[in-house]
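input.csv (CSV, C-alpha atoms and all ligand atoms)
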chain,number,residue,atom,x,y,z
A,9,MET,CA,9.4,-57.8,-117.8
A,10,LEU,CA,13.2,-57.4,-117.4
A,11,SER,CA,14.2,-60.4,-119.6
A,12,GLN,CA,12.3,-58.9,-122.5
A,13,VAL,CA,14.0,-55.6,-122.0
A,14,VAL,CA,17.4,-57.3,-122.0
A,15,GLU,CA,16.6,-59.2,-125.2
A,16,LEU,CA,15.3,-56.1,-127.0
A,17,ILE,CA,18.5,-54.2,-126.2
A,18,GLU,CA,20.7,-57.1,-127.3
A,19,ASN,CA,18.9,-57.4,-130.6
A,20,LYS,CA,18.4,-53.7,-131.6
A,21,GLN,CA,20.6,-50.7,-132.2
A,22,ASN,CA,18.9,-47.4,-132.2
A,23,PHE,CA,17.0,-46.1,-129.2
A,24,ALA,CA,15.4,-43.0,-127.7
A,25,ILE,CA,14.4,-42.5,-124.1
A,26,THR,CA,11.7,-40.2,-122.8
A,27,THR,CA,10.0,-39.4,-119.5
A,28,HIS,CA,7.1,-37.4,-118.3
A,29,VAL,CA,6.3,-33.8,-118.7
A,30,ARG,CA,7.9,-31.5,-116.1
A,31,PRO,CA,10.5,-34.1,-115.5
A,32,ASP,CA,11.7,-34.8,-111.9
A,33,GLY,CA,15.0,-36.2,-110.7
A,34,ASP,CA,14.1,-39.9,-111.2
A,35,GLY,CA,12.7,-39.2,-114.7
A,36,ILE,CA,15.9,-37.3,-115.8
A,37,GLY,CA,18.4,-39.3,-113.8
A,38,SER,CA,17.0,-42.7,-115.0
A,39,SER,CA,16.7,-41.6,-118.6
A,40,LEU,CA,20.3,-40.3,-118.7
A,41,GLY,CA,21.5,-43.4,-116.8
A,42,LEU,CA,19.8,-45.7,-119.3
A,43,CYS,CA,21.2,-43.6,-122.2
A,44,TRP,CA,24.8,-44.0,-120.9
A,45,LEU,CA,24.2,-47.7,-120.3
A,46,LEU,CA,23.0,-48.2,-123.9
A,47,ARG,CA,26.0,-46.2,-125.2
A,48,SER,CA,28.4,-48.3,-123.1
A,49,LEU,CA,26.9,-51.3,-124.9
A,50,GLY,CA,27.7,-49.8,-128.3
A,51,LYS,CA,24.2,-48.7,-129.0
A,52,ASN,CA,22.9,-45.4,-130.4
A,53,ALA,CA,20.7,-43.6,-127.8
A,54,GLU,CA,19.4,-40.2,-127.1
A,55,VAL,CA,17.1,-38.6,-124.5
A,56,ILE,CA,14.0,-36.7,-125.8
A,57,VAL,CA,11.7,-34.8,-123.5
A,58,ARG,CA,8.9,-32.2,-124.1
A,59,ASP,CA,9.9,-29.8,-121.2
A,60,GLY,CA,13.1,-28.2,-120.2
A,61,ILE,CA,15.0,-29.8,-117.4
A,62,PRO,CA,15.3,-28.1,-114.0
A,63,ILE,CA,18.6,-26.4,-113.4
A,64,SER,CA,19.3,-28.7,-110.5
A,65,TYR,CA,19.8,-31.6,-112.8
A,66,THR,CA,22.0,-29.9,-115.4
A,67,LEU,CA,25.1,-31.1,-113.7
A,68,LEU,CA,24.4,-34.7,-114.9
A,69,PRO,CA,26.6,-35.9,-117.7
A,70,GLY,CA,24.6,-35.8,-121.0
A,71,ALA,CA,22.1,-33.3,-119.7
A,72,GLU,CA,23.2,-30.7,-122.3
A,73,GLU,CA,22.5,-33.2,-125.1
A,74,ILE,CA,18.8,-33.8,-124.1
A,75,ARG,CA,16.6,-32.9,-127.0
A,76,GLN,CA,13.4,-30.9,-126.3
A,77,ILE,CA,10.7,-32.0,-128.8
A,78,SER,CA,6.9,-32.3,-129.0
A,79,GLN,CA,6.7,-34.8,-131.8
A,80,VAL,CA,8.8,-38.0,-132.5
A,81,ASN,CA,11.0,-37.2,-135.5
A,82,GLY,CA,13.8,-39.7,-135.4
A,83,LYS,CA,13.9,-43.3,-136.6
A,84,TYR,CA,14.2,-45.6,-133.7
A,85,ASP,CA,14.1,-49.4,-133.2
A,86,ALA,CA,12.4,-48.7,-129.8
A,87,ILE,CA,11.6,-45.9,-127.4
A,88,PHE,CA,12.0,-46.3,-123.6
A,89,VAL,CA,9.3,-44.5,-121.7
A,90,ILE,CA,10.5,-43.9,-118.1
A,91,GLU,CA,8.2,-43.4,-115.2
A,92,CYS,CA,5.0,-42.7,-117.1
A,93,SER,CA,1.5,-43.9,-116.1
A,94,ASP,CA,0.3,-43.8,-119.7
A,95,ILE,CA,1.4,-43.1,-123.3
A,96,ASN,CA,0.3,-39.4,-123.0
A,97,ARG,CA,2.4,-38.6,-120.0
A,98,PRO,CA,5.5,-37.7,-122.0
A,99,GLY,CA,3.5,-35.1,-123.9
A,100,ILE,CA,5.1,-36.2,-127.2
A,101,LYS,CA,3.1,-36.9,-130.3
A,102,GLY,CA,3.7,-40.0,-132.4
A,103,LEU,CA,4.8,-42.3,-129.5
A,104,GLU,CA,1.8,-44.5,-130.1
A,105,ASN,CA,3.2,-45.6,-133.5
A,106,GLN,CA,6.5,-46.7,-132.1
A,107,ILE,CA,7.7,-49.8,-130.3
A,108,THR,CA,7.7,-48.7,-126.7
A,109,VAL,CA,9.2,-50.0,-123.5
A,110,ASN,CA,7.4,-48.9,-120.4
A,111,ILE,CA,9.7,-48.8,-117.4
A,112,ASP,CA,8.1,-47.7,-114.1
A,113,HIS,CA,8.0,-48.3,-110.4
A,114,HIS,CA,4.3,-47.3,-109.9
A,115,ALA,CA,2.0,-50.3,-109.4
A,116,THR,CA,-0.8,-48.2,-111.0
A,117,SER,CA,1.0,-47.9,-114.4
A,118,GLU,CA,-1.2,-48.8,-117.4
A,119,HIS,CA,0.5,-51.5,-119.5
A,120,PHE,CA,0.7,-49.3,-122.5
A,121,GLY,CA,4.1,-50.4,-123.8
A,122,THR,CA,5.0,-53.1,-126.3
A,123,ILE,CA,7.1,-54.3,-123.4
A,124,ASN,CA,6.2,-53.4,-119.8
A,125,TRP,CA,8.6,-53.7,-116.9
A,126,ILE,CA,7.0,-52.5,-113.7
A,127,ASP,CA,8.7,-53.0,-110.4
A,128,ALA,CA,6.7,-51.4,-107.5
A,129,THR,CA,9.3,-52.6,-105.0
A,130,ALA,CA,12.0,-50.3,-106.5
A,131,SER,CA,12.4,-47.0,-104.6
A,132,ALA,CA,13.0,-45.2,-107.9
A,133,VAL,CA,13.3,-46.2,-111.6
A,134,GLY,CA,17.0,-45.4,-111.0
A,135,GLU,CA,17.1,-48.6,-109.0
A,136,MET,CA,15.7,-50.5,-112.0
A,137,ILE,CA,18.2,-49.0,-114.4
A,138,TYR,CA,20.9,-50.3,-112.0
A,139,ASN,CA,19.3,-53.7,-112.0
A,140,LEU,CA,19.1,-53.6,-115.8
A,141,CYS,CA,22.8,-52.8,-116.1
A,142,LYS,CA,23.6,-55.8,-113.9
A,143,ALA,CA,21.2,-58.1,-115.8
A,144,ILE,CA,22.7,-57.2,-119.1
A,145,GLY,CA,26.3,-57.7,-117.9
A,146,GLY,CA,27.2,-54.0,-118.2
A,147,ARG,CA,29.7,-52.1,-116.2
A,148,ILE,CA,28.5,-49.2,-113.9
A,149,THR,CA,30.4,-46.3,-115.4
A,150,LYS,CA,30.8,-43.0,-113.5
A,151,GLU,CA,28.3,-41.5,-115.9
A,152,ILE,CA,25.7,-44.1,-115.2
A,153,ALA,CA,26.5,-43.9,-111.5
A,154,GLU,CA,25.9,-40.1,-111.2
A,155,CYS,CA,22.6,-40.3,-113.1
A,156,VAL,CA,21.3,-43.2,-111.1
A,157,TYR,CA,22.4,-41.7,-107.8
A,158,LEU,CA,20.6,-38.5,-108.5
A,159,ALA,CA,17.4,-40.5,-109.3
A,160,LEU,CA,17.7,-42.3,-105.9
A,161,VAL,CA,18.4,-39.2,-103.9
A,162,THR,CA,15.5,-37.3,-105.3
A,163,ASP,CA,12.9,-40.1,-105.2
A,164,THR,CA,13.8,-41.2,-101.6
A,165,GLY,CA,14.1,-37.7,-100.2
A,166,SER,CA,17.8,-38.2,-99.6
A,167,PHE,CA,17.2,-41.7,-98.3
A,168,HIS,CA,14.6,-40.8,-95.6
A,169,PHE,CA,11.3,-41.7,-97.2
A,170,SER,CA,9.6,-45.1,-96.5
A,171,ASN,CA,10.6,-46.4,-100.0
A,172,THR,CA,14.3,-46.5,-98.9
A,173,THR,CA,15.3,-50.1,-98.5
A,174,GLU,CA,18.4,-52.1,-97.8
A,175,ARG,CA,18.7,-52.6,-101.6
A,176,THR,CA,18.5,-48.8,-102.2
A,177,LEU,CA,21.4,-48.1,-99.8
A,178,LYS,CA,23.5,-51.0,-101.1
A,179,ILE,CA,23.1,-49.6,-104.7
A,180,ALA,CA,23.9,-46.1,-103.5
A,181,SER,CA,27.0,-47.5,-101.8
A,182,GLU,CA,28.2,-49.1,-105.0
A,183,LEU,CA,27.6,-45.9,-106.9
A,184,VAL,CA,29.7,-43.9,-104.5
A,185,LYS,CA,32.4,-46.6,-104.8
A,186,VAL,CA,32.4,-45.9,-108.6
A,187,GLY,CA,33.1,-42.2,-108.1
A,188,VAL,CA,29.8,-40.4,-107.2
A,189,LYS,CA,30.4,-37.5,-104.8
A,190,PRO,CA,27.1,-37.4,-102.7
A,191,ALA,CA,27.7,-33.8,-101.4
A,192,ARG,CA,28.1,-32.5,-104.9
A,193,ILE,CA,24.8,-34.0,-106.0
A,194,SER,CA,23.0,-32.8,-102.9
A,195,GLU,CA,24.4,-29.3,-103.3
A,196,ALA,CA,23.1,-29.2,-106.9
A,197,VAL,CA,19.7,-30.7,-106.1
A,198,TYR,CA,18.9,-28.9,-102.8
A,199,ASN,CA,21.1,-25.8,-102.6
A,200,SER,CA,21.1,-24.3,-106.1
A,201,TYR,CA,17.7,-22.7,-106.4
A,202,PRO,CA,17.2,-19.1,-107.5
A,203,TRP,CA,16.1,-16.7,-104.8
A,204,SER,CA,12.5,-16.8,-106.2
A,205,ARG,CA,12.1,-20.1,-104.4
A,206,ILE,CA,12.5,-18.4,-101.1
A,207,GLU,CA,10.1,-15.6,-102.1
A,208,LEU,CA,7.5,-18.2,-103.2
A,209,MET,CA,8.0,-20.3,-100.0
A,210,ARG,CA,7.3,-17.2,-97.9
A,211,GLN,CA,4.0,-16.7,-99.6
A,212,VAL,CA,2.9,-20.3,-99.7
A,213,LEU,CA,3.8,-21.0,-96.0
A,214,ALA,CA,1.6,-18.0,-95.1
A,215,THR,CA,-1.4,-20.0,-96.3
A,216,VAL,CA,-0.8,-23.2,-94.2
A,217,LYS,CA,-3.7,-24.4,-92.0
A,218,ARG,CA,-4.4,-27.5,-90.0
A,219,ASP,CA,-7.4,-29.4,-88.7
A,220,ALA,CA,-8.5,-29.4,-85.0
A,221,ASP,CA,-6.3,-32.3,-84.1
A,222,GLY,CA,-3.4,-30.8,-86.0
A,223,LYS,CA,-2.9,-34.1,-87.9
A,224,VAL,CA,-3.8,-32.8,-91.4
A,225,ALA,CA,-2.2,-29.7,-92.8
A,226,TRP,CA,-3.0,-27.9,-96.1
A,227,MET,CA,-1.7,-25.0,-98.1
A,228,ARG,CA,-1.9,-23.4,-101.5
A,229,GLN,CA,0.0,-21.8,-104.2
A,230,THR,CA,-1.9,-19.3,-106.4
A,231,HIS,CA,-0.9,-18.1,-109.8
A,232,ALA,CA,-0.5,-14.6,-108.4
A,233,MET,CA,2.1,-16.0,-105.9
A,234,SER,CA,4.2,-17.5,-108.7
A,235,GLU,CA,4.0,-14.2,-110.5
A,236,ASN,CA,5.0,-12.1,-107.5
A,237,ALA,CA,7.9,-14.3,-106.7
A,238,ASN,CA,9.0,-14.5,-110.4
A,239,ALA,CA,9.0,-18.2,-109.8
A,240,VAL,CA,10.4,-20.7,-112.3
A,241,ASP,CA,9.4,-24.4,-112.7
A,242,GLY,CA,10.6,-26.5,-109.8
A,243,ASP,CA,10.9,-23.6,-107.3
A,244,ASN,CA,8.1,-25.2,-105.3
A,245,SER,CA,9.6,-28.7,-105.3
A,246,GLY,CA,9.4,-30.3,-101.8
A,247,PHE,CA,7.2,-27.6,-100.3
A,248,VAL,CA,4.5,-30.2,-99.7
A,249,ASN,CA,6.9,-31.9,-97.2
A,250,ILE,CA,7.5,-28.9,-95.0
A,251,PRO,CA,4.4,-29.3,-92.7
A,252,LEU,CA,5.4,-32.9,-92.2
A,253,ALA,CA,8.3,-31.7,-90.1
A,254,ALA,CA,5.8,-31.1,-87.2
A,255,LYS,CA,5.6,-34.2,-85.1
A,256,GLU,CA,1.8,-34.4,-85.0
A,257,VAL,CA,1.2,-33.7,-88.7
A,258,GLU,CA,0.5,-37.0,-90.4
A,259,ALA,CA,-0.8,-35.9,-93.8
A,260,VAL,CA,-0.5,-32.8,-96.1
A,261,VAL,CA,-2.4,-31.4,-99.1
A,262,TYR,CA,-0.7,-29.0,-101.4
A,263,MET,CA,-2.8,-27.3,-104.1
A,264,ARG,CA,-1.3,-25.3,-106.9
A,265,GLU,CA,-3.4,-23.3,-109.3
A,266,THR,CA,-2.4,-24.2,-112.9
A,267,ALA,CA,-5.2,-22.3,-114.7
A,268,PRO,CA,-8.4,-20.6,-113.5
A,269,ASN,CA,-10.3,-23.3,-111.5
A,270,ASN,CA,-7.6,-26.0,-112.2
A,271,TYR,CA,-5.3,-27.3,-109.6
A,272,ARG,CA,-2.5,-29.8,-109.2
A,273,VAL,CA,-2.8,-31.6,-105.9
A,274,SER,CA,0.1,-33.2,-104.1
A,275,LEU,CA,-0.5,-35.4,-101.1
A,276,ARG,CA,2.0,-36.7,-98.6
A,277,SER,CA,1.7,-38.8,-95.4
A,278,LYS,CA,3.7,-40.5,-92.7
A,279,GLY,CA,3.5,-44.2,-91.8
A,280,ASP,CA,0.5,-46.3,-92.7
A,281,ILE,CA,-1.7,-43.5,-94.0
A,282,ASN,CA,-2.3,-44.3,-97.6
A,283,VAL,CA,-2.7,-41.1,-99.7
A,284,ALA,CA,-2.6,-43.0,-103.0
A,285,ARG,CA,-6.1,-44.3,-102.1
A,286,VAL,CA,-7.2,-40.7,-101.5
A,287,ALA,CA,-5.7,-39.5,-104.8
A,288,GLU,CA,-7.4,-42.3,-106.7
A,289,LYS,CA,-10.8,-41.1,-105.5
A,290,PHE,CA,-10.0,-37.9,-107.4
A,291,GLY,CA,-8.7,-39.6,-110.5
A,292,GLY,CA,-5.0,-39.6,-109.6
A,293,GLY,CA,-2.6,-42.1,-108.0
A,294,GLY,CA,0.9,-42.6,-106.7
A,295,HIS,CA,2.5,-44.3,-103.8
A,296,LYS,CA,1.3,-44.9,-100.2
A,297,ASN,CA,3.1,-41.8,-98.8
A,298,ALA,CA,3.3,-39.6,-101.9
A,299,ALA,CA,0.5,-39.2,-104.4
A,300,GLY,CA,-1.2,-36.6,-106.5
A,301,CYS,CA,-4.1,-35.7,-108.8
A,302,ARG,CA,-5.6,-32.9,-110.8
A,303,VAL,CA,-8.9,-31.3,-109.9
A,304,GLU,CA,-11.2,-28.7,-111.4
A,305,GLY,CA,-13.7,-26.4,-109.8
A,306,ASP,CA,-14.1,-24.0,-106.9
A,307,TRP,CA,-11.0,-23.8,-104.9
A,308,ASP,CA,-12.5,-23.8,-101.4
A,309,GLU,CA,-15.0,-26.5,-102.3
A,310,LYS,CA,-12.3,-28.8,-103.7
A,311,GLU,CA,-9.9,-28.2,-100.9
A,312,CYS,CA,-12.6,-29.0,-98.4
A,313,GLU,CA,-13.4,-32.3,-100.2
A,314,ILE,CA,-9.8,-33.4,-100.3
A,315,VAL,CA,-9.0,-32.3,-96.8
A,316,SER,CA,-12.1,-34.2,-95.5
A,317,ALA,CA,-11.0,-37.3,-97.4
A,318,LEU,CA,-7.6,-37.0,-95.8
A,319,ILE,CA,-9.0,-36.5,-92.3
A,320,ARG,CA,-11.0,-39.7,-92.8
A,321,ALA,CA,-7.9,-41.5,-93.9
A,322,VAL,CA,-6.0,-40.4,-90.8
A,323,GLU,CA,-8.8,-41.5,-88.5
B,401,LIG,P1,4.0,-35.1,-106.8
B,401,LIG,O1,3.2,-34.6,-105.7
B,401,LIG,O2,5.4,-35.0,-106.5
B,401,LIG,O3,3.7,-34.4,-108.1
B,401,LIG,O4,3.6,-36.6,-107.1
B,401,LIG,C1,3.8,-37.5,-106.1
B,401,LIG,C2,3.5,-38.9,-106.6
B,401,LIG,O5,2.2,-39.0,-107.0
B,401,LIG,C3,4.3,-39.2,-107.9
B,401,LIG,O6,5.0,-40.5,-107.6
B,401,LIG,C4,3.3,-39.4,-109.0
B,401,LIG,O7,3.6,-40.5,-109.7
B,401,LIG,C5,2.0,-39.5,-108.3
B,401,LIG,N1,1.1,-38.6,-109.0
B,401,LIG,C6,1.1,-37.2,-108.9
B,401,LIG,N2,0.1,-36.7,-109.7
B,401,LIG,C7,-0.6,-37.8,-110.3
B,401,LIG,C8,-1.7,-37.9,-111.2
B,401,LIG,O8,-2.3,-36.9,-111.6
B,401,LIG,N3,-2.0,-39.2,-111.5
B,401,LIG,C9,-1.3,-40.3,-111.1
B,401,LIG,N4,-1.7,-41.5,-111.5
B,401,LIG,N5,-0.3,-40.2,-110.2
B,401,LIG,C10,0.1,-39.0,-109.8
B,402,MN,MN,10.1,-42.2,-109.5
Show the structure stored in the file as structure tokens.
Amino acid sequence: MLSQVVELIENKQNFAITTHVRPDGDGIGSSLGLCWLLRSLGKNAEVIVRDGIPISYTLLPGAEEIRQISQVNGKYDAIFVIECSDINRPGIKGLENQITVNIDHHATSEHFGTINWIDATASAVGEMIYNLCKAIGGRITKEIAECVYLALVTDTGSFHFSNTTERTLKIASELVKVGVKPARISEAVYNSYPWSRIELMRQVLATVKRDADGKVAWMRQTHAMSENANAVDGDNSGFVNIPLAAKEVEAVVYMRETAPNNYRVSLRSKGDINVARVAEKFGGGGHKNAAGCRVEGDWDEKECEIVSALIRAVE
């Protein structure tokens, strides 16, 4: 819990921070935000991740210092693990032998850390980093503010997903007061992709289908599409939300081929439809309106199973 995190920071000096493989805005923004907070308190801190960070997040202060590693090789008093369901999610070897602090806003997180601070009411881990800063009596510097703001923007879909609360907006307001320029962050996150994103979008959207009621939509991204588009990691980010723009669409399945017969599945919904429940049936998890899982097998068969489960959830 939070008080244990505060106590640990006060009593120790050398920290590393990591997040999940293929990091998203909340993972990177929260990790860097925490890194700046620790440094502002006179601590040594660095961010270590397995994968490269998407170009949209490179404007964040400290992004250029992030170290890409696959094995823990430093000497740390503790390692913060941001937004990870389990100890293997960062994809970094040797974490299991370290003192770890699990910070997450997914209720489904395994309590794998030496300390576990899970707050499922937070819209993003970024919100928790802000709360930590306040709890420890730190000052929200411009660096912390930019990182936390990016985390909030990406995890709330620019403050329009259902996880956006009064508290989220209040925090965002304070971050802007400290010097964040919302338009600059939005430009970097949403309007700085390579053209390959548009090429990929053209192909993926050509596959979209919907059920007889038009309430459930599904689409796919094959390996060949990524090749044709010359796509890079992150080019497909947010594609799953596109069909939700239609009024009658209440849930979407997005399947991406990661290897022959292996797929990453993203699920999205509106309102009360709980896609986390559907994802759990297939060994995944997530939030009510945004969840995911991995599946293996024949594409049409798996798609049919997931779409059917979603249609039942909508009914
Ligand atoms: P996305 O579709 O953006 O990859 O994931 C949406 C949400 O679902 C995220 O908040 C993520 O935590 C959750 N999620 C996605 N894939 C998995 C998975 O394989 N297992 C679990 N437990 N959660 C997942
Ligand atoms: Mn998050």
Considering all atoms listed in the file, return as a compact mmCIF listing (two decimals) with C-alpha atoms, keeping the file's coordinate frame whatever protein or nucleic-acid residues lie within 7 Å of Ile56 of chain A, sequence-local ones (same chain, fewer than 3 positions apart) excluded.
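To be explicit, this is the file written out as out.txt:
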# COMPACT_ATOMS: atom_id res chain seq x y z
CA ALA A 24 15.40 -43.00 -127.70
CA ILE A 25 14.40 -42.50 -124.10
CA THR A 26 11.70 -40.20 -122.80
CA ILE A 74 18.80 -33.80 -124.10
CA ARG A 75 16.60 -32.90 -127.00
CA GLN A 76 13.40 -30.90 -126.30
CA ILE A 77 10.70 -32.00 -128.80
Exercise for the section: Write as a PyMOL selection string the residues around ligand LIG 401 (chain B), taking 8 Å as the cut-off and counting all atoms listed in the file. Expected result: chain A and resi 91-93+114+116-117+245-246+248+272-276+284+287-288+291-295+298-302
I need the residues from that last selection saved to file as a short mmCIF file (atom, residue, chain, number, x, y, z; two decimals), in the coordinates of the input (with C-alpha atoms), if you can.
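In the end it all went to result_12.cif:
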data_model
loop_
_atom_site.label_atom_id
_atom_site.label_comp_id
_atom_site.auth_asym_id
_atom_site.auth_seq_id
_atom_site.Cartn_x
_atom_site.Cartn_y
_atom_site.Cartn_z
CA GLU A 91 8.20 -43.40 -115.20
CA CYS A 92 5.00 -42.70 -117.10
CA SER A 93 1.50 -43.90 -116.10
CA HIS A 114 4.30 -47.30 -109.90
CA THR A 116 -0.80 -48.20 -111.00
CA SER A 117 1.00 -47.90 -114.40
CA SER A 245 9.60 -28.70 -105.30
CA GLY A 246 9.40 -30.30 -101.80
CA VAL A 248 4.50 -30.20 -99.70
CA ARG A 272 -2.50 -29.80 -109.20
CA VAL A 273 -2.80 -31.60 -105.90
CA SER A 274 0.10 -33.20 -104.10
CA LEU A 275 -0.50 -35.40 -101.10
CA ARG A 276 2.00 -36.70 -98.60
CA ALA A 284 -2.60 -43.00 -103.00
CA ALA A 287 -5.70 -39.50 -104.80
CA GLU A 288 -7.40 -42.30 -106.70
CA GLY A 291 -8.70 -39.60 -110.50
CA GLY A 292 -5.00 -39.60 -109.60
CA GLY A 293 -2.60 -42.10 -108.00
CA GLY A 294 0.90 -42.60 -106.70
CA HIS A 295 2.50 -44.30 -103.80
CA ALA A 298 3.30 -39.60 -101.90
CA ALA A 299 0.50 -39.20 -104.40
CA GLY A 300 -1.20 -36.60 -106.50
CA CYS A 301 -4.10 -35.70 -108.80
CA ARG A 302 -5.60 -32.90 -110.80
#
Exercise for the section: Select the residues contacting ligand MN 402 (chain B) at a distance of at most 8 Å, based on all atoms listed in the file, then format the selection as an MDAnalysis selection string. Expected result: chainID A and resid 32:35 91 112:114 131:134 159 163
Handout entry: Answer as number ranges by chain, residues within 8 Å of (18.2, -54.2, -104.3) using only C-alpha atoms
Key = A: 130, 135, 139, 173-176, 178-179
Once you have the residues from the selection above, write them out as an mmCIF file, in the coordinates of the input, restricted to C-alpha atoms.
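Output (result18.cif):
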data_model
loop_
_atom_site.group_PDB
_atom_site.id
_atom_site.type_symbol
_atom_site.label_atom_id
_atom_site.label_comp_id
_atom_site.auth_asym_id
_atom_site.auth_seq_id
_atom_site.Cartn_x
_atom_site.Cartn_y
_atom_site.Cartn_z
ATOM 1 C CA ALA A 130 12.000 -50.300 -106.500
ATOM 2 C CA GLU A 135 17.100 -48.600 -109.000
ATOM 3 C CA ASN A 139 19.300 -53.700 -112.000
ATOM 4 C CA THR A 173 15.300 -50.100 -98.500
ATOM 5 C CA GLU A 174 18.400 -52.100 -97.800
ATOM 6 C CA ARG A 175 18.700 -52.600 -101.600
ATOM 7 C CA THR A 176 18.500 -48.800 -102.200
ATOM 8 C CA LYS A 178 23.500 -51.000 -101.100
ATOM 9 C CA ILE A 179 23.100 -49.600 -104.700
#
Practice task
Pick out the closest residue to Glu309 of chain A from this set: A:Gln12, A:Gln79, A:Asn269, A:Thr27. Count all atoms listed in the file.
Solution key: A:Asn269
Problem - Pick from A:Leu103, A:Leu16, A:Ala259, A:Leu45, whichever lies nearest to Val57 of chain A using all atoms listed in the file - result: A:Leu103
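With distances taken over all atoms listed in the file, A:Val261 is the one residue among A:Val261, A:Cys43, A:Ile100, A:Ile144 lying closest to Phe247 of chain A.
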Handout entry: Spatial neighbours of segment 264-268 of chain A, max dist 6 Å, all atoms listed in the file, sep filter under 2 positions, as a PyMOL selection string
Key = chain A and resi 228-231+270-272
Would you mind exporting the chosen residues as a compact mmCIF listing (two decimals), in the frame of the given file, restricted to C-alpha atoms?
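Generated file (out_21.txt):
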# COMPACT_ATOMS: atom_id res chain seq x y z
CA ARG A 228 -1.90 -23.40 -101.50
CA GLN A 229 0.00 -21.80 -104.20
CA THR A 230 -1.90 -19.30 -106.40
CA HIS A 231 -0.90 -18.10 -109.80
CA ASN A 270 -7.60 -26.00 -112.20
CA TYR A 271 -5.30 -27.30 -109.60
CA ARG A 272 -2.50 -29.80 -109.20
Hey, could you patch up segment 297-302 of chain A with all heavy atoms and hand it over as a PDB file, keeping the file's coordinate frame?
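Just written: selection-v4.pdb:
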ATOM      1  N   ASN A 297       2.767 -43.075 -99.480  1.00  0.00           N
ATOM      2  CA  ASN A 297       3.100 -41.800 -98.800  1.00  0.00           C
ATOM      3  C   ASN A 297       3.284 -40.606 -99.661  1.00  0.00           C
ATOM      4  O   ASN A 297       3.607 -39.527 -99.166  1.00  0.00           O
ATOM      5  CB  ASN A 297       4.353 -42.023 -97.910  1.00  0.00           C
ATOM      6  CG  ASN A 297       4.194 -43.071 -96.829  1.00  0.00           C
ATOM      7  OD1 ASN A 297       5.029 -43.940 -96.663  1.00  0.00           O
ATOM      8  ND2 ASN A 297       3.100 -43.013 -96.098  1.00  0.00           N
ATOM      9  N   ALA A 298       3.131 -40.779-100.979  1.00  0.00           N
ATOM     10  CA  ALA A 298       3.300 -39.600-101.900  1.00  0.00           C
ATOM     11  C   ALA A 298       2.412 -39.854-103.112  1.00  0.00           C
ATOM     12  O   ALA A 298       2.634 -40.790-103.880  1.00  0.00           O
ATOM     13  CB  ALA A 298       4.748 -39.490-102.327  1.00  0.00           C
ATOM     14  N   ALA A 299       1.416 -39.021-103.269  1.00  0.00           N
ATOM     15  CA  ALA A 299       0.500 -39.200-104.400  1.00  0.00           C
ATOM     16  C   ALA A 299       0.014 -37.860-104.891  1.00  0.00           C
ATOM     17  O   ALA A 299       0.366 -36.825-104.322  1.00  0.00           O
ATOM     18  CB  ALA A 299      -0.685 -40.079-103.947  1.00  0.00           C
ATOM     19  N   GLY A 300      -0.762 -37.878-105.956  1.00  0.00           N
ATOM     20  CA  GLY A 300      -1.200 -36.600-106.500  1.00  0.00           C
ATOM     21  C   GLY A 300      -2.387 -36.805-107.462  1.00  0.00           C
ATOM     22  O   GLY A 300      -2.738 -37.928-107.841  1.00  0.00           O
ATOM     23  N   CYS A 301      -2.999 -35.708-107.835  1.00  0.00           N
ATOM     24  CA  CYS A 301      -4.100 -35.700-108.800  1.00  0.00           C
ATOM     25  C   CYS A 301      -4.295 -34.297-109.319  1.00  0.00           C
ATOM     26  O   CYS A 301      -3.626 -33.373-108.872  1.00  0.00           O
ATOM     27  CB  CYS A 301      -5.380 -36.234-108.166  1.00  0.00           C
ATOM     28  SG  CYS A 301      -5.909 -35.291-106.723  1.00  0.00           S
ATOM     29  N   ARG A 302      -5.184 -34.177-110.287  1.00  0.00           N
ATOM     30  CA  ARG A 302      -5.600 -32.900-110.800  1.00  0.00           C
ATOM     31  C   ARG A 302      -7.051 -32.702-110.497  1.00  0.00           C
ATOM     32  O   ARG A 302      -7.803 -33.658-110.671  1.00  0.00           O
ATOM     33  CB  ARG A 302      -5.398 -32.790-112.301  1.00  0.00           C
ATOM     34  CG  ARG A 302      -3.994 -32.642-112.716  1.00  0.00           C
ATOM     35  CD  ARG A 302      -3.866 -32.619-114.236  1.00  0.00           C
ATOM     36  NE  ARG A 302      -2.462 -32.416-114.541  1.00  0.00           N
ATOM     37  CZ  ARG A 302      -1.843 -31.229-114.494  1.00  0.00           C
ATOM     38  NH1 ARG A 302      -2.528 -30.144-114.200  1.00  0.00           N
ATOM     39  NH2 ARG A 302      -0.568 -31.127-114.753  1.00  0.00           N
TER      40      ARG A 302
END
